[in-house]
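Containing compact mmCIF, C-alpha atoms: work20.txt.
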```
# COMPACT_ATOMS: atom_id res chain seq x y z
CA MET J 1 25.14 -45.45 9.19
CA ILE J 2 24.06 -45.88 5.57
CA GLY J 3 25.62 -49.36 5.50
CA TRP J 4 23.45 -50.23 8.46
CA PHE J 5 20.38 -49.28 6.43
CA GLY J 6 21.44 -51.46 3.50
CA THR J 7 22.98 -49.05 1.00
CA ALA J 8 24.56 -50.70 -2.02
CA MET J 9 27.54 -48.34 -2.37
CA LEU J 10 29.90 -46.77 0.13
CA CYS J 11 32.73 -44.36 -0.64
CA TYR J 12 36.13 -45.04 0.84
CA VAL J 13 39.00 -42.81 1.86
CA THR J 14 42.63 -43.81 1.75
CA PRO J 15 44.84 -43.11 4.76
CA LYS J 16 46.71 -40.55 2.62
CA GLU J 17 43.64 -38.57 1.60
CA HIS J 18 44.83 -35.04 0.73
CA LEU J 19 48.19 -35.64 2.42
CA GLY J 20 49.72 -37.44 -0.53
CA LEU J 21 48.97 -39.46 -3.62
CA PRO J 22 47.78 -42.92 -2.58
CA ASP J 23 49.71 -45.92 -3.81
CA ARG J 24 48.40 -49.45 -4.32
CA LYS J 25 48.76 -50.35 -0.61
CA ASP J 26 46.91 -47.18 0.48
CA VAL J 27 43.99 -48.02 -1.82
CA LYS J 28 43.92 -51.60 -0.51
CA ASP J 29 43.98 -50.35 3.11
CA GLY J 30 41.13 -47.93 2.38
CA VAL J 31 39.00 -50.61 0.72
CA ASP J 32 39.76 -53.14 3.47
CA HIS J 33 38.75 -50.61 6.12
CA LEU J 34 35.57 -49.80 4.18
CA GLN J 35 34.70 -53.49 3.92
CA ASP J 36 35.25 -53.96 7.65
CA ARG J 37 32.91 -51.06 8.44
CA GLY J 38 30.47 -51.55 5.57
CA ALA J 39 30.00 -55.31 5.90
CA CYS J 40 28.69 -55.03 9.40
CA GLY J 41 27.05 -51.63 8.91
CA ARG J 42 28.81 -50.02 11.87
CA PRO J 43 28.70 -46.23 12.02
CA ARG J 44 32.10 -44.52 11.92
CA GLN J 45 33.49 -44.17 15.40
CA GLY J 46 35.36 -40.96 14.68
CA PRO J 47 38.53 -39.57 16.20
CA PRO J 48 39.14 -39.01 19.90
CA GLY J 49 37.40 -35.74 20.70
CA GLY J 50 34.46 -36.61 18.46
CA PRO J 51 33.03 -34.33 15.78
CA ALA J 52 34.89 -31.25 17.11
CA ALA J 53 38.27 -32.90 16.42
CA ASP J 54 37.10 -34.06 12.99
CA ASP J 55 35.85 -30.55 12.21
CA ALA J 56 39.18 -29.05 13.32
CA VAL J 57 41.09 -31.28 10.88
CA SER J 58 38.63 -30.42 8.10
CA ARG J 59 38.99 -26.68 8.78
CA ALA J 60 42.80 -26.97 8.79
CA ARG J 61 42.61 -28.86 5.47
CA PHE J 62 40.30 -26.26 3.91
CA ASP J 63 42.54 -23.41 5.11
CA PHE J 64 45.70 -25.20 3.84
CA ARG J 65 47.21 -25.21 7.33
CA TRP J 66 49.32 -28.31 6.74
CA ARG J 67 51.21 -28.21 10.06
CA ASP J 68 47.88 -28.04 11.94
CA GLN J 69 46.62 -31.00 9.90
CA PHE J 70 49.67 -33.01 10.86
CA ASN J 71 49.35 -32.09 14.54
CA LEU J 72 45.61 -32.82 14.64
CA ALA J 73 46.03 -36.25 13.03
CA LEU J 74 45.76 -39.41 15.11
CA ASP J 75 49.42 -40.02 14.22
CA PRO J 76 51.10 -36.68 13.41
CA GLU J 77 54.42 -38.22 12.32
CA THR J 78 52.75 -40.58 9.84
CA ALA J 79 50.55 -37.76 8.50
CA GLU J 80 53.60 -35.59 7.80
CA ASP J 81 55.43 -38.58 6.30
CA PHE J 82 52.47 -39.24 3.94
CA HIS J 83 52.58 -35.59 2.85
CA ASP J 84 56.35 -35.57 2.39
CA GLN J 85 56.34 -38.72 0.24
CA THR J 86 54.64 -36.71 -2.52
CA LEU J 87 55.49 -33.09 -1.68
CA PRO J 88 58.76 -33.16 0.29
CA ALA J 89 59.81 -29.52 -0.16
CA GLU J 90 59.39 -27.31 2.90
CA GLY J 91 57.45 -24.82 0.77
CA ALA J 92 54.80 -27.50 0.14
CA LYS J 93 53.81 -27.20 3.79
CA ILE J 94 52.47 -23.71 3.11
CA ALA J 95 51.11 -24.45 -0.37
CA HIS J 96 47.47 -23.73 -1.14
CA PHE J 97 46.91 -27.10 -2.81
CA CYS J 98 47.52 -30.74 -2.11
CA SER J 99 49.10 -33.44 -4.22
CA MET J 100 45.77 -35.02 -5.15
CA CYS J 101 44.49 -32.23 -7.42
CA GLY J 102 47.46 -29.88 -7.72
CA PRO J 103 47.32 -26.10 -7.90
CA LYS J 104 45.03 -25.82 -10.94
CA PHE J 105 42.27 -28.21 -9.88
CA CYS J 106 42.16 -27.89 -6.09
CA SER J 107 38.50 -28.00 -5.08
CA MET J 108 39.21 -26.21 -1.81
CA GLN J 109 41.03 -23.37 -3.56
CA ILE J 110 38.28 -23.10 -6.18
CA THR J 111 35.66 -23.01 -3.41
CA GLN J 112 37.58 -20.22 -1.66
CA GLU J 113 37.78 -18.23 -4.91
CA ILE J 114 34.03 -18.65 -5.47
CA ARG J 115 33.32 -17.47 -1.91
CA GLU J 116 35.51 -14.40 -2.40
CA PHE J 117 33.78 -13.64 -5.72
CA ALA J 118 30.35 -14.05 -4.12
CA GLU J 119 31.35 -11.86 -1.18
CA LYS J 120 32.48 -9.10 -3.53
CA GLY J 121 29.19 -9.42 -5.42
CA MET J 122 27.26 -9.13 -2.17
CA PHE J 123 29.14 -5.94 -1.26
CA ASP J 124 28.50 -4.52 -4.74
CA MET J 125 24.78 -5.28 -4.47
CA SER J 126 24.73 -3.86 -0.95
CA ASP J 127 26.23 -0.61 -2.23
CA LYS J 128 23.67 -0.49 -5.04
CA PHE J 129 20.88 -1.12 -2.53
CA LYS J 130 22.09 1.81 -0.40
CA GLU J 131 22.46 4.05 -3.47
CA THR J 132 18.83 3.41 -4.45
CA GLY J 133 17.56 4.48 -1.06
CA GLY J 134 17.73 1.26 0.89
CA GLU J 135 14.18 0.28 0.03
CA LEU J 136 13.44 -3.32 -0.83
CA TYR J 137 10.48 -2.47 -3.05
CA GLN J 138 11.20 0.12 -5.73
CA PRO J 139 8.55 2.05 -7.69
CA ALA J 140 7.54 0.14 -10.83
CA ASP J 141 8.19 3.09 -13.13
CA LYS J 142 11.77 3.42 -11.80
CA VAL J 143 12.45 -0.30 -12.35
CA ALA J 144 10.94 -0.12 -15.86
CA ALA J 145 13.14 2.88 -16.72
CA GLU J 146 16.27 1.08 -15.49
CA ALA J 147 15.35 -2.02 -17.50
CA ALA J 148 14.78 0.05 -20.65
CA ALA J 149 18.13 1.81 -20.15
CA LEU J 150 19.88 -1.57 -19.82
CA GLU J 151 18.24 -2.86 -22.99
CA ALA J 152 19.31 0.26 -24.85
CA GLY J 153 22.84 -0.07 -23.48
CA ASP J 154 22.70 3.21 -21.53
CA ASP J 155 24.09 2.00 -18.23
```

Output the structure of this file as structure tokens.
Amino acid sequence: MIGWFGTAMLCYVTPKEHLGLPDRKDVKDGVDHLQDRGACGRPRQGPPGGPAADDAVSRARFDFRWRDQFNLALDPETAEDFHDQTLPAEGAKIAHFCSMCGPKFCSMQITQEIREFAEKGMFDMSDKFKETGGELYQPADKVAAEAAALEAGDD
């Protein structure tokens, strides 16, 4: 859609995206496909099943359900082959990372860890809210006393 409106830059995705490390041919295929779509400004047609199918693949990717990703792909055999070219071990099909970023830099794993940390923080704040009486607005003198205690290091 943005190509249709005259954008100067479009991002491309290789056929191996997150399934394996792209090689020279994969990059060329991705750029060629982008040029085909971008030059004429056609919106992406999407997979059979529309956005729901695309969302299902994205959810499987985010949850590291590799077998589901393969099965939801337009060509399941090719998808699994792409994965196995880089990570052939059977254990890699249950790994919580892909070959693009590896286990230390996986954006999906980092996002999951941040969500878990935030969820724990929400529960902690919820408990504190209940302990203080469940009132949104606290008396000013109580808040001032708590702030003074924190400054003094008397938590």

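For the atom pair formed by CA of Phe70 in chain J and CA of Cys101 in chain J, the distance is 19.0 Å, given to one decimal.
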
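Closest approach to Asp32 in chain J among J:Gly102, J:Pro15, J:Gly121, J:Gly153: J:Pro15, based on all atoms listed in the file.
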
Between CA of Gly20 in chain J and CA of Asp84 in chain J lies a distance of 7.5 Å

Give, as lines of an AutoDock Vina configuration file, the centre coordinates and the x, y and z edge lengths in Å to one decimal for an axis-aligned box around all listed atoms of range 130-148 of chain J, padded by 4 Å on each side.
```
center_x = 15.0
center_y = 0.6
center_z = -9.9
size_x = 22.9
size_y = 15.8
size_z = 29.5
```

Neighbour residues at most 12 Å from (43.3, -43.3, 1.9) (all atoms listed in the file) as a VMD selection string
chain J and resid 11 to 34 79 82 100

Between J:Phe129, J:Phe123, J:Phe117, J:Trp66, smallest distance to Glu90 in chain J by only C-alpha atoms belongs to J:Trp66

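Distances here use only C-alpha atoms; by that measure, the residue among J:Ala144, J:Arg115, J:Ala53, J:Thr86 closest to Asn71 in chain J is J:Ala53.
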
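CA of Phe62 in chain J to CA of Gln109 in chain J spans 8.0 Å [interatomic distance, one decimal].
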
- Query: If we count only C-alpha atoms, what is near range 55-60 of chain J at a cut-off of 10 Å, once residues fewer than 3 positions away on the same chain are taken out, given as a PyMOL selection string?
  - Reply: chain J and resi 50-52+63-73

May I have the selected residues written with C-alpha atoms, as a short mmCIF file (atom, residue, chain, number, x, y, z; two decimals), in the frame of the given file?
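again_9.cif was written with the following content:
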```
data_model
loop_
_atom_site.label_atom_id
_atom_site.label_comp_id
_atom_site.auth_asym_id
_atom_site.auth_seq_id
_atom_site.Cartn_x
_atom_site.Cartn_y
_atom_site.Cartn_z
CA GLY J 50 34.46 -36.61 18.46
CA PRO J 51 33.03 -34.33 15.78
CA ALA J 52 34.89 -31.25 17.11
CA ASP J 63 42.54 -23.41 5.11
CA PHE J 64 45.70 -25.20 3.84
CA ARG J 65 47.21 -25.21 7.33
CA TRP J 66 49.32 -28.31 6.74
CA ARG J 67 51.21 -28.21 10.06
CA ASP J 68 47.88 -28.04 11.94
CA GLN J 69 46.62 -31.00 9.90
CA PHE J 70 49.67 -33.01 10.86
CA ASN J 71 49.35 -32.09 14.54
CA LEU J 72 45.61 -32.82 14.64
CA ALA J 73 46.03 -36.25 13.03
#
```
